[in-house]
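Structure record follows, encoded as C-alpha cells.
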Amino acid sequence: MRLKNKTAIVTGSSQGIGRAIALRFAGEGANVVINYNRNPQGAEEALREIEAAGGSGLIVQADLGKLADIKKLIAAAIEHFGRVDILVNNAGLETHAPFWEVSEEDYDKVLNVNLKGVFSTTQEFVRHLMLDNNHGRKGKVVNISSVHEELPFPNFSAYCASKGGLKMLTRNLAVELGSMGININNIAPGAVETPINSKLLNDPMKLGALLNQIPLGRLGQPADVSGLAVFLSSDDADYVTGATYYVDGGLTWNYQEQ
C-alpha cells in the first residue's frame with residue numbers, strides 16, 4: 001500500500017475523476033477527505049464504497065470558490081484525522097460561450113474555482129505543513145488540470161485561461177516549495193468519460209470526430225487518471241515536481257480543432 005497512514009484531501013470527489021481518485025487512494029491505505037459542493041448523494045456513495053473496502057473517510061461540503069469554505073475544509077480534515085499529507089486539487093468547472101458573450105459572472109465563477117480555489121486551498125495546506133515543520137513532514141500536491149492548459153479550446157476561453165494559469169502556478173510553486181519537501185505536479189486529462197462531458201457523450205457525430213483524433217482510439221476512464229495520482233502522491237515520486245503529465249491517449253499531439 002503506497003499511501004498507508006497518509007491522509008489526503010480530494011476536492012470535488014463526489015463524482016467523476018475526483019471520486020475515482022478518492023477510492024483508489026483508500027485502496028492504497030490512505031484516509032480520504034471527500035469534498036463536494038452540490039452533490040451530497042455522490043459523496044455519501046463514495047464514502048460507503050471506501051468504508052466497504054475497509055478504508056476511512058470523511059465528507060466535507062465546501063465551495064472551493066470561497067475562502068471561508070476552503071479554511072473550513074482544511075480545518076475539518078485536520079480535526080478529524082490529525083494531519084493532512086496529500087492534497088488533490090480536482091474540483092473544477094467550465095462554461096460554454098463565444099468569447100464576446102462571456103459574462104463577468106461566468107468568468108469569475110470559473111476562475112474562482114479552477115485557479116483561485118487551487119491557489120487558496122494549496123496555500124492553506126502549505127501553512128498546515130509549515131506548522132508541523134519540526135517533524136520533517138513532506139507534502140504532495142496533485143492538480144487535475146486539462147490538456148487545455150496547452151491546447152486552445154474555442155468557446156471555453158475562461159476555462160483555458162484558468163488551466164493555463166494552473167500550469168504556471170504549478171511550475172512556480174515547484175520552485176518555491178521544493179526546499180520545504182513539498183512536491184507539486186499537474187495531471188492533464190484529455191477526453192475522459194465523466195459527467196462534465198455528458199453533452200459530448202450524447203452527440204455521436206462530435207464523439208466520432210474526437211475519437212478519430214485520439215491515437216489510442218478511445219475515451220479515457222477515471223481509472224486512467226487515478227493510478228497516476230497515486231504515483232505522484234507516493235514516495236515513488238519524491239524527485240518529481242513542476243511537471244504536467246498528459247493522460248489523453250495521444251490527443252494533444254494529434255489534435256485539430258473542428
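All residue names refer to the C-alpha cells as shown: chains lettered A, B, ... in order, residues numbered from 1 in each chain, ligands numbered from 1 in order.
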- prompt: If we count only C-alpha atoms, what is near A:Asp108 at a cut-off of 12 Å, once residues fewer than 3 positions away on the same chain are taken out, given as a PyMOL selection string?
  reply: chain A and resi 65-66+93-95+102-105+111-117+158-159+161-162
Non-local contacts of stretch 242-257 of chain A (10 Å; only C-alpha atoms; under 5 positions in same chain excluded) as a compact mmCIF listing (two decimals) with C-alpha atoms, in the first residue's frame:
```txt
# COMPACT_ATOMS: atom_id res chain seq x y z
CA VAL A 142 -1.57 16.98 -7.36
CA ASN A 143 -3.56 19.36 -9.55
CA ILE A 144 -6.07 18.00 -12.02
CA SER A 145 -5.54 20.35 -14.91
CA SER A 146 -6.51 19.67 -18.54
CA VAL A 147 -4.99 19.28 -21.97
CA HIS A 148 -6.42 22.78 -22.41
CA GLU A 149 -3.63 24.22 -20.32
CA GLU A 150 -1.80 23.68 -23.63
CA LEU A 151 -4.46 23.32 -26.34
CA PRO A 152 -6.77 26.15 -27.44
CA PHE A 153 -10.46 25.36 -26.95
CA PRO A 154 -12.72 27.90 -28.71
CA LYS A 167 0.26 25.25 -15.34
CA MET A 168 2.34 28.29 -14.43
CA LEU A 169 1.26 28.23 -10.79
CA THR A 170 2.42 24.61 -10.56
CA ARG A 171 5.83 25.42 -12.02
CA ASN A 172 6.27 28.43 -9.76
CA LEU A 173 5.30 26.58 -6.60
CA ALA A 174 7.57 23.66 -7.50
CA VAL A 175 10.49 26.10 -7.26
CA GLY A 178 10.82 22.43 -3.17
CA ASN A 183 6.14 18.35 -4.45
CA ILE A 184 3.50 19.74 -6.80
CA ASN A 185 2.51 18.37 -10.19
CA ASN A 186 -0.29 18.56 -12.75
CA ILE A 187 -2.26 15.79 -14.38
CA ALA A 188 -3.80 16.98 -17.65
CA PRO A 189 -6.60 14.65 -18.75
CA GLY A 190 -7.94 14.73 -22.27
CA ALA A 191 -11.42 13.49 -23.12
CA VAL A 192 -12.47 11.40 -20.12
CA LEU A 210 -13.00 13.34 -31.46
CA LEU A 211 -12.24 9.62 -31.32
CA ASN A 212 -10.66 9.91 -34.77
CA GLN A 213 -8.12 12.31 -33.24
CA ILE A 214 -7.19 10.09 -30.30
CA PRO A 215 -4.39 7.70 -31.37
CA LEU A 216 -5.42 5.12 -28.77
CA GLY A 217 -8.94 5.20 -30.23
CA ARG A 218 -11.00 5.55 -27.07
CA LEU A 219 -12.08 7.99 -24.40
CA GLY A 220 -10.21 7.95 -21.12
CA GLN A 221 -11.70 6.48 -17.96
CA ASP A 224 -6.69 6.09 -16.17
CA VAL A 225 -6.12 9.22 -14.08
CA LEU A 228 -1.13 8.32 -11.91
CA LEU A 232 2.50 11.36 -7.80
```
Could you list, with a cut-off of 12 Å and counting only C-alpha atoms, the residues of stretch 77-164 of chain A near stretch 30-43 of chain A, each shown with its nearest atom pair and the distance in Å rounded to one decimal, rows sorted by chain and ascending number, as CSV?
```
residue,atom,partner,partner_atom,distance
A:Ala77,CA,A:Val33,CA,6.5
A:Ile78,CA,A:Val33,CA,10.0
A:Glu79,CA,A:Val33,CA,11.5
A:His80,CA,A:Val33,CA,9.4
A:Phe81,CA,A:Asn31,CA,7.7
A:Gly82,CA,A:Asn31,CA,10.8
A:Arg83,CA,A:Asn31,CA,10.2
A:Val84,CA,A:Asn31,CA,9.2
A:Asp85,CA,A:Ala30,CA,9.6
A:Ile86,CA,A:Ala30,CA,9.4
A:Leu87,CA,A:Val33,CA,9.6
A:Val88,CA,A:Val33,CA,10.2
A:Asn89,CA,A:Asn35,CA,10.4
A:Asn90,CA,A:Asn35,CA,9.7
A:Ala91,CA,A:Tyr36,CA,8.3
A:Gly92,CA,A:Asn37,CA,10.7
A:Leu93,CA,A:Asn37,CA,11.6
A:Val113,CA,A:Asn37,CA,11.1
```
- prompt: DSSP on the backbone: what in stretch 5-252 of chain A comes out alpha helix (DSSP H), as number ranges by chain?
  reply: A: 16-27, 40-52, 67-81, 104-111, 117-131, 157-177, 198-201, 204-211, 222-233
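For the set A:Met180, A:Val118, A:Leu129, A:Val60, the residue with the smallest atom-to-atom gap to A:Gly165 is A:Val118, counting only C-alpha atoms.
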message: Here is a test: counting only C-alpha atoms, which residue of A:Cys160, A:Ala26, A:Leu58, A:Leu64 is nearest to A:Lys6?
response: A:Ala26
task: Work out how far atom CA of A:His128 is from atom CA of A:Glu49, in Å to one decimal.
output: 28.4 Å
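Counting from atom CA of A:Ile17, the distance to atom CA of A:Glu45 is 14.5 Å.
The closest residue to A:Glu101, picked from A:Leu67, A:Ser157, A:Lys4, A:Ser179 and counting only C-alpha atoms, is A:Ser157.
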statement: atom CA of A:Phe156 sits from atom CA of A:His96 at a separation of 5.4 Å
